[in-house]
Amino acid sequence: MNIVLIGAQGSGKGTQAGLLTEALGLRHLSSGDLFRQAFEERTSLGIRARAYIDRGELVPDELTVAMVLQRLADPAYKAGAVLDGFPRTISQAQALDRGLKRMGRRIDVAAYLDVPREELLARLSGRYICRAAQHVYHEHTRPPKVRGICDVDGSDLYQRSDDAGEAVQKRLDIFFGETIRLLDYYQNQSKLIEANGNQHVEQVLTELLDEFHHHMAHSQHGRYWPGLSMPSNCG
Ligand code: AP5
């Protein structure tokens, strides 16, 4: 079971991926988190990627595709993954399909989180991330219990360097100009579901799970998942 989450910057991909993985027993794979982790560890991949990320540009495919496919080949991801932030282009989606096919796997569902642009800007400017494991908070809509400290692992919270200034607008332009084309790509494969991302986190999750459940029950290749439930840390 592999799910692709598609949504603009700030649409809640990371937030929902964390909840979905718990609900469905999958692993979360975020390309942005992998780049940030590589930078924290000062690897050459992380340092090369950082320059693109700070400008709000896409990291080139030759760095991104290999990194994600290598992670997906890890036995820990064999039961399946929620892919957050990858693919972002048609060529990445095609490379992902080819790579998964070589592993005897496939994308089962692509889920689009639909959120208006003005709401995205408000969300990004109030976002805080934890240093240890990238748990996501918002100063107004999802504050931590103790200011500046992650509820889950106690690490420091920080604001991302690409969540301010020109980088934000550039990232949104790339999404609405290019990444949005993935909707047609997955629609043509009859794998697209959609949820209104402009509602409370718990309502978004409920809609996503309903759509997912419905899709899998009716999909030709799908398995029926009778035990879907809300994760324990939701609400
Ligand atoms: P990445 O880290 O993937 O960032 P992104 O796609 O820009 O997405 P975000 O993390 O900004 O948003 P999100 O949708 O996850 O929202 P979140 O849940 O945090 O990528 C960073 C960079 O890496 C890219 O710019 C690029 O340079 C590079 N990169 C990554 N993948 C690449 C690829 N495939 N190819 C090339 N380059 C790549 O939520 C946002 C905020 O809103 C939070 O504060 C949250 O608490 C709040 N929130 C969430 N849901 C709700 C809700 N329902 N109501 C109110 N608030 C909410």
# chains A, B, ... in the order shown; residues from 1 in each chain; ligands from 1
$ closest_atom_pairs --of "chain A" --to "ligand 1" --cutoff "7 Å" --atoms "only C-alpha atoms and all ligand atoms" --output "Markdown table"
| residue | atom | partner | partner_atom_place_in_ligand_line | distance |
| --- | --- | --- | --- | --- |
| A:Gly7 | CA | ligand 1 | 14 (O) | 5.8 |
| A:Ala8 | CA | ligand 1 | 14 (O) | 5.9 |
| A:Gln9 | CA | ligand 1 | 8 (O) | 3.9 |
| A:Gly10 | CA | ligand 1 | 16 (O) | 3.6 |
| A:Ser11 | CA | ligand 1 | 14 (O) | 4.1 |
| A:Gly12 | CA | ligand 1 | 18 (O) | 3.2 |
| A:Lys13 | CA | ligand 1 | 14 (O) | 3.7 |
| A:Gly14 | CA | ligand 1 | 15 (O) | 3.6 |
| A:Thr15 | CA | ligand 1 | 18 (O) | 3.7 |
| A:Gln16 | CA | ligand 1 | 18 (O) | 6.4 |
| A:Ser30 | CA | ligand 1 | 3 (O) | 6.2 |
| A:Ser31 | CA | ligand 1 | 31 (N) | 4.4 |
| A:Gly32 | CA | ligand 1 | 2 (O) | 3.4 |
| A:Asp33 | CA | ligand 1 | 2 (O) | 5.6 |
| A:Phe35 | CA | ligand 1 | 23 (O) | 6.5 |
| A:Tyr52 | CA | ligand 1 | 27 (O) | 5.4 |
| A:Ile53 | CA | ligand 1 | 27 (O) | 3.6 |
| A:Gly56 | CA | ligand 1 | 25 (O) | 4.9 |
| A:Glu57 | CA | ligand 1 | 27 (O) | 4.8 |
| A:Leu58 | CA | ligand 1 | 37 (N) | 3.6 |
| A:Val59 | CA | ligand 1 | 37 (N) | 3.8 |
| A:Pro60 | CA | ligand 1 | 36 (C) | 5.9 |
| A:Asp61 | CA | ligand 1 | 35 (N) | 6.4 |
| A:Thr64 | CA | ligand 1 | 35 (N) | 5.7 |
| A:Asp84 | CA | ligand 1 | 3 (O) | 6.4 |
| A:Gly85 | CA | ligand 1 | 3 (O) | 4.2 |
| A:Phe86 | CA | ligand 1 | 34 (N) | 3.9 |
| A:Pro87 | CA | ligand 1 | 34 (N) | 4.7 |
| A:Arg88 | CA | ligand 1 | 34 (N) | 4.8 |
| A:Arg123 | CA | ligand 1 | 42 (O) | 4.2 |
| A:Leu124 | CA | ligand 1 | 41 (C) | 5.3 |
| A:Gly126 | CA | ligand 1 | 44 (O) | 5.8 |
| A:Arg127 | CA | ligand 1 | 44 (O) | 3.4 |
| A:Tyr128 | CA | ligand 1 | 44 (O) | 6.0 |
| A:Val136 | CA | ligand 1 | 46 (O) | 5.4 |
| A:Tyr137 | CA | ligand 1 | 46 (O) | 4.1 |
| A:His138 | CA | ligand 1 | 44 (O) | 3.7 |
| A:Thr141 | CA | ligand 1 | 56 (N) | 5.4 |
| A:Arg142 | CA | ligand 1 | 46 (O) | 5.3 |
| A:Arg171 | CA | ligand 1 | 25 (O) | 5.8 |
| A:Gly197 | CA | ligand 1 | 53 (N) | 5.6 |
| A:Asn198 | CA | ligand 1 | 53 (N) | 5.6 |
| A:Gln199 | CA | ligand 1 | 53 (N) | 5.0 |
| A:His200 | CA | ligand 1 | 53 (N) | 4.5 |
| A:Val201 | CA | ligand 1 | 53 (N) | 3.8 |
| A:Val204 | CA | ligand 1 | 53 (N) | 6.2 |
$ select_by_dssp --residues "range 36-205 of chain A" --states "alpha helix (DSSP H)" --output "tab-separated table (two decimals) with N, CA and C atoms, in the first residue's frame"
chain	number	residue	atom	x	y	z
A	36	ARG	N	16.14	18.02	4.83
A	36	ARG	CA	16.51	18.77	6.04
A	36	ARG	C	17.38	17.92	6.97
A	37	GLN	N	17.06	16.64	7.07
A	37	GLN	CA	17.87	15.74	7.91
A	37	GLN	C	19.28	15.63	7.33
A	38	ALA	N	19.37	15.51	6.01
A	38	ALA	CA	20.70	15.40	5.37
A	38	ALA	C	21.51	16.68	5.61
A	39	PHE	N	20.82	17.83	5.64
A	39	PHE	CA	21.55	19.08	5.89
A	39	PHE	C	22.03	19.14	7.34
A	40	GLU	N	21.16	18.73	8.28
A	40	GLU	CA	21.55	18.72	9.70
A	40	GLU	C	22.79	17.84	9.90
A	44	SER	N	26.86	15.71	1.78
A	44	SER	CA	26.99	16.52	0.57
A	44	SER	C	25.62	16.69	-0.10
A	45	LEU	N	24.76	15.66	-0.01
A	45	LEU	CA	23.40	15.78	-0.55
A	45	LEU	C	22.67	16.93	0.15
A	46	GLY	N	22.74	16.96	1.48
A	46	GLY	CA	22.04	17.98	2.24
A	46	GLY	C	22.54	19.38	1.92
A	47	ILE	N	23.83	19.52	1.78
A	47	ILE	CA	24.41	20.85	1.52
A	47	ILE	C	24.05	21.31	0.11
A	48	ARG	N	24.10	20.39	-0.86
A	48	ARG	CA	23.73	20.77	-2.24
A	48	ARG	C	22.25	21.13	-2.32
A	49	ALA	N	21.41	20.34	-1.63
A	49	ALA	CA	19.95	20.57	-1.70
A	49	ALA	C	19.57	21.89	-1.02
A	50	ARG	N	20.29	22.26	0.02
A	50	ARG	CA	19.91	23.42	0.83
A	50	ARG	C	19.83	24.71	0.02
A	51	ALA	N	20.74	24.86	-0.93
A	51	ALA	CA	20.76	26.09	-1.73
A	51	ALA	C	19.45	26.24	-2.52
A	52	TYR	N	18.97	25.13	-3.07
A	52	TYR	CA	17.71	25.19	-3.83
A	52	TYR	C	16.54	25.45	-2.88
A	53	ILE	N	16.53	24.76	-1.74
A	53	ILE	CA	15.43	24.88	-0.79
A	53	ILE	C	15.31	26.32	-0.28
A	54	ASP	N	16.43	26.94	0.06
A	54	ASP	CA	16.38	28.31	0.58
A	54	ASP	C	15.84	29.30	-0.46
A	55	ARG	N	16.07	29.00	-1.75
A	55	ARG	CA	15.53	29.89	-2.80
A	55	ARG	C	14.08	29.55	-3.13
A	61	ASP	N	16.15	16.64	-10.08
A	61	ASP	CA	15.73	15.24	-10.03
A	61	ASP	C	16.87	14.28	-9.73
A	62	GLU	N	18.07	14.57	-10.24
A	62	GLU	CA	19.16	13.59	-10.04
A	62	GLU	C	19.50	13.41	-8.56
A	63	LEU	N	19.19	14.43	-7.74
A	63	LEU	CA	19.39	14.27	-6.29
A	63	LEU	C	18.15	13.66	-5.64
A	64	THR	N	16.98	14.11	-6.09
A	64	THR	CA	15.73	13.79	-5.38
A	64	THR	C	15.26	12.36	-5.63
A	65	VAL	N	15.22	11.95	-6.90
A	65	VAL	CA	14.62	10.66	-7.24
A	65	VAL	C	15.39	9.51	-6.60
A	66	ALA	N	16.71	9.54	-6.72
A	66	ALA	CA	17.52	8.44	-6.16
A	66	ALA	C	17.34	8.38	-4.64
A	67	MET	N	17.30	9.55	-4.00
A	67	MET	CA	17.16	9.58	-2.54
A	67	MET	C	15.85	8.91	-2.11
A	68	VAL	N	14.76	9.23	-2.79
A	68	VAL	CA	13.46	8.68	-2.40
A	68	VAL	C	13.37	7.18	-2.71
A	69	LEU	N	13.83	6.79	-3.91
A	69	LEU	CA	13.73	5.37	-4.27
A	69	LEU	C	14.60	4.51	-3.36
A	70	GLN	N	15.75	5.05	-2.98
A	70	GLN	CA	16.63	4.31	-2.07
A	70	GLN	C	15.92	4.10	-0.73
A	71	ARG	N	15.24	5.12	-0.25
A	71	ARG	CA	14.54	5.00	1.03
A	71	ARG	C	13.37	4.00	0.90
A	72	LEU	N	12.65	4.05	-0.23
A	72	LEU	CA	11.52	3.14	-0.40
A	72	LEU	C	11.97	1.68	-0.47
A	90	ILE	N	5.82	15.60	-13.31
A	90	ILE	CA	5.42	14.39	-14.05
A	90	ILE	C	6.63	13.46	-14.18
A	91	SER	N	7.82	14.02	-14.43
A	91	SER	CA	8.97	13.12	-14.60
A	91	SER	C	9.29	12.38	-13.30
A	92	GLN	N	9.10	13.04	-12.15
A	92	GLN	CA	9.30	12.33	-10.88
A	92	GLN	C	8.25	11.23	-10.70
A	93	ALA	N	7.00	11.53	-11.10
A	93	ALA	CA	5.92	10.52	-10.96
A	93	ALA	C	6.23	9.31	-11.83
A	94	GLN	N	6.74	9.57	-13.04
A	94	GLN	CA	7.06	8.45	-13.93
A	94	GLN	C	8.22	7.63	-13.36
A	95	ALA	N	9.23	8.33	-12.83
A	95	ALA	CA	10.38	7.63	-12.24
A	95	ALA	C	9.94	6.80	-11.03
A	96	LEU	N	9.00	7.35	-10.26
A	96	LEU	CA	8.47	6.63	-9.10
A	96	LEU	C	7.74	5.36	-9.56
A	97	ASP	N	6.90	5.49	-10.57
A	97	ASP	CA	6.17	4.31	-11.07
A	97	ASP	C	7.15	3.24	-11.54
A	98	ARG	N	8.18	3.68	-12.27
A	98	ARG	CA	9.16	2.69	-12.77
A	98	ARG	C	9.91	2.04	-11.61
A	99	GLY	N	10.34	2.86	-10.65
A	99	GLY	CA	11.11	2.34	-9.52
A	99	GLY	C	10.29	1.36	-8.69
A	100	LEU	N	9.03	1.70	-8.43
A	100	LEU	CA	8.18	0.81	-7.64
A	100	LEU	C	7.90	-0.49	-8.40
A	101	LYS	N	7.73	-0.36	-9.71
A	101	LYS	CA	7.47	-1.56	-10.51
A	101	LYS	C	8.63	-2.55	-10.39
A	102	ARG	N	9.86	-2.00	-10.41
A	102	ARG	CA	11.04	-2.88	-10.25
A	102	ARG	C	11.01	-3.58	-8.90
A	117	ARG	N	-5.10	29.71	-1.70
A	117	ARG	CA	-3.76	30.27	-1.56
A	117	ARG	C	-3.62	31.20	-0.34
A	118	GLU	N	-4.64	32.03	-0.04
A	118	GLU	CA	-4.49	32.98	1.08
A	118	GLU	C	-4.40	32.24	2.41
A	119	GLU	N	-5.09	31.11	2.53
A	119	GLU	CA	-5.01	30.31	3.76
A	119	GLU	C	-3.60	29.67	3.88
A	120	LEU	N	-3.02	29.30	2.76
A	120	LEU	CA	-1.68	28.68	2.78
A	120	LEU	C	-0.65	29.63	3.37
A	121	LEU	N	-0.73	30.90	2.97
A	121	LEU	CA	0.24	31.89	3.47
A	121	LEU	C	0.13	32.06	4.98
A	122	ALA	N	-1.12	32.09	5.49
A	122	ALA	CA	-1.32	32.24	6.95
A	122	ALA	C	-0.75	31.03	7.69
A	123	ARG	N	-0.93	29.87	7.13
A	123	ARG	CA	-0.45	28.66	7.80
A	123	ARG	C	1.08	28.62	7.84
A	124	LEU	N	1.72	28.97	6.73
A	124	LEU	CA	3.19	28.86	6.68
A	124	LEU	C	3.84	29.86	7.62
A	125	SER	N	3.25	31.06	7.74
A	125	SER	CA	3.91	32.07	8.57
A	125	SER	C	3.81	31.72	10.06
A	166	GLU	N	10.38	35.84	-0.27
A	166	GLU	CA	10.12	35.47	-1.66
A	166	GLU	C	10.01	33.98	-1.87
A	167	ALA	N	10.74	33.20	-1.03
A	167	ALA	CA	10.76	31.75	-1.21
A	167	ALA	C	9.35	31.16	-1.14
A	168	VAL	N	8.50	31.72	-0.27
A	168	VAL	CA	7.14	31.17	-0.11
A	168	VAL	C	6.36	31.34	-1.41
A	169	GLN	N	6.39	32.58	-1.97
A	169	GLN	CA	5.65	32.84	-3.20
A	169	GLN	C	6.16	31.95	-4.33
A	170	LYS	N	7.48	31.80	-4.39
A	170	LYS	CA	8.05	30.97	-5.46
A	170	LYS	C	7.60	29.52	-5.33
A	171	ARG	N	7.60	29.00	-4.10
A	171	ARG	CA	7.16	27.62	-3.89
A	171	ARG	C	5.70	27.44	-4.31
A	172	LEU	N	4.87	28.44	-3.96
A	172	LEU	CA	3.45	28.31	-4.33
A	172	LEU	C	3.28	28.42	-5.85
A	173	ASP	N	4.06	29.30	-6.49
A	173	ASP	CA	3.99	29.41	-7.95
A	173	ASP	C	4.36	28.08	-8.61
A	174	ILE	N	5.39	27.43	-8.09
A	174	ILE	CA	5.81	26.14	-8.67
A	174	ILE	C	4.70	25.11	-8.49
A	175	PHE	N	4.07	25.15	-7.31
A	175	PHE	CA	2.99	24.17	-7.09
A	175	PHE	C	1.86	24.39	-8.09
A	176	PHE	N	1.32	25.64	-8.12
A	176	PHE	CA	0.14	25.88	-8.95
A	176	PHE	C	0.46	25.89	-10.45
A	177	GLY	N	1.76	26.08	-10.80
A	177	GLY	CA	2.14	26.06	-12.22
A	177	GLY	C	2.54	24.67	-12.70
A	182	LEU	N	0.04	16.91	-11.63
A	182	LEU	CA	-0.02	15.52	-11.16
A	182	LEU	C	-1.46	15.04	-10.98
A	183	LEU	N	-2.39	15.99	-10.78
A	183	LEU	CA	-3.78	15.56	-10.60
A	183	LEU	C	-4.27	14.83	-11.85
A	184	ASP	N	-3.94	15.38	-13.04
A	184	ASP	CA	-4.32	14.70	-14.28
A	184	ASP	C	-3.60	13.36	-14.41
A	185	TYR	N	-2.32	13.37	-14.03
A	185	TYR	CA	-1.52	12.15	-14.16
A	185	TYR	C	-2.18	10.99	-13.39
A	186	TYR	N	-2.56	11.27	-12.12
A	186	TYR	CA	-3.15	10.20	-11.31
A	186	TYR	C	-4.63	9.96	-11.64
A	187	GLN	N	-5.32	11.02	-12.09
A	187	GLN	CA	-6.71	10.84	-12.54
A	187	GLN	C	-6.75	9.87	-13.72
A	188	ASN	N	-5.77	10.02	-14.63
A	188	ASN	CA	-5.73	9.14	-15.79
A	188	ASN	C	-5.45	7.69	-15.41
A	201	VAL	N	-8.15	19.98	11.22
A	201	VAL	CA	-7.26	18.85	10.95
A	201	VAL	C	-8.01	17.52	11.05
A	202	GLU	N	-8.82	17.36	12.09
A	202	GLU	CA	-9.51	16.09	12.32
A	202	GLU	C	-10.55	15.83	11.23
A	203	GLN	N	-11.21	16.94	10.76
A	203	GLN	CA	-12.21	16.77	9.69
A	203	GLN	C	-11.53	16.40	8.38
A	204	VAL	N	-10.35	16.98	8.14
A	204	VAL	CA	-9.62	16.63	6.92
A	204	VAL	C	-9.28	15.14	6.95
A	205	LEU	N	-8.80	14.68	8.10
A	205	LEU	CA	-8.42	13.27	8.21
A	205	LEU	C	-9.62	12.37	7.98
$ atom_distance --atom1 "CA of Lys191 in chain A" --atom2 "CA of Tyr112 in chain A"
10.7 Å
$ closest_residue --among "A:Gly18, A:Gly148, A:Gly104, A:Pro116" --to "Lys78 in chain A" --atoms "only C-alpha atoms"
A:Gly104
$ closest_residue --among "A:Ile180, A:Leu34, A:Val4, A:Leu29" --to "Asp114 in chain A" --atoms "only C-alpha atoms"
A:Ile180
$ atom_distance --atom1 "CA of Leu113 in chain A" --atom2 "CA of Ile193 in chain A"
9.1 Å
$ closest_residue --among "A:Ala73, A:Ile6, A:Leu19, A:His215" --to "Arg105 in chain A" --atoms "only C-alpha atoms"
A:Ala73
$ atom_distance --atom1 "CA of Thr206 in chain A" --atom2 "CA of Asp74 in chain A"
29.6 Å
$ select_by_dssp --residues "range 76-170 of chain A" --states "strand (DSSP E or B)" --output "list in words"
Ala81, Val82, Leu83, Asp84, Val109, Ala110, Ala111, Tyr112, Leu113, Asp114, Arg127, Tyr128, Ile129, Cys130, Val136, Tyr137, His138, Arg142, Ile149, Asp156, Leu157 and Tyr158 of chain A
$ closest_residue --among "A:Leu5, A:Ser161, A:Glu22, A:Cys130" --to "Glu194 in chain A" --atoms "only C-alpha atoms"
A:Leu5
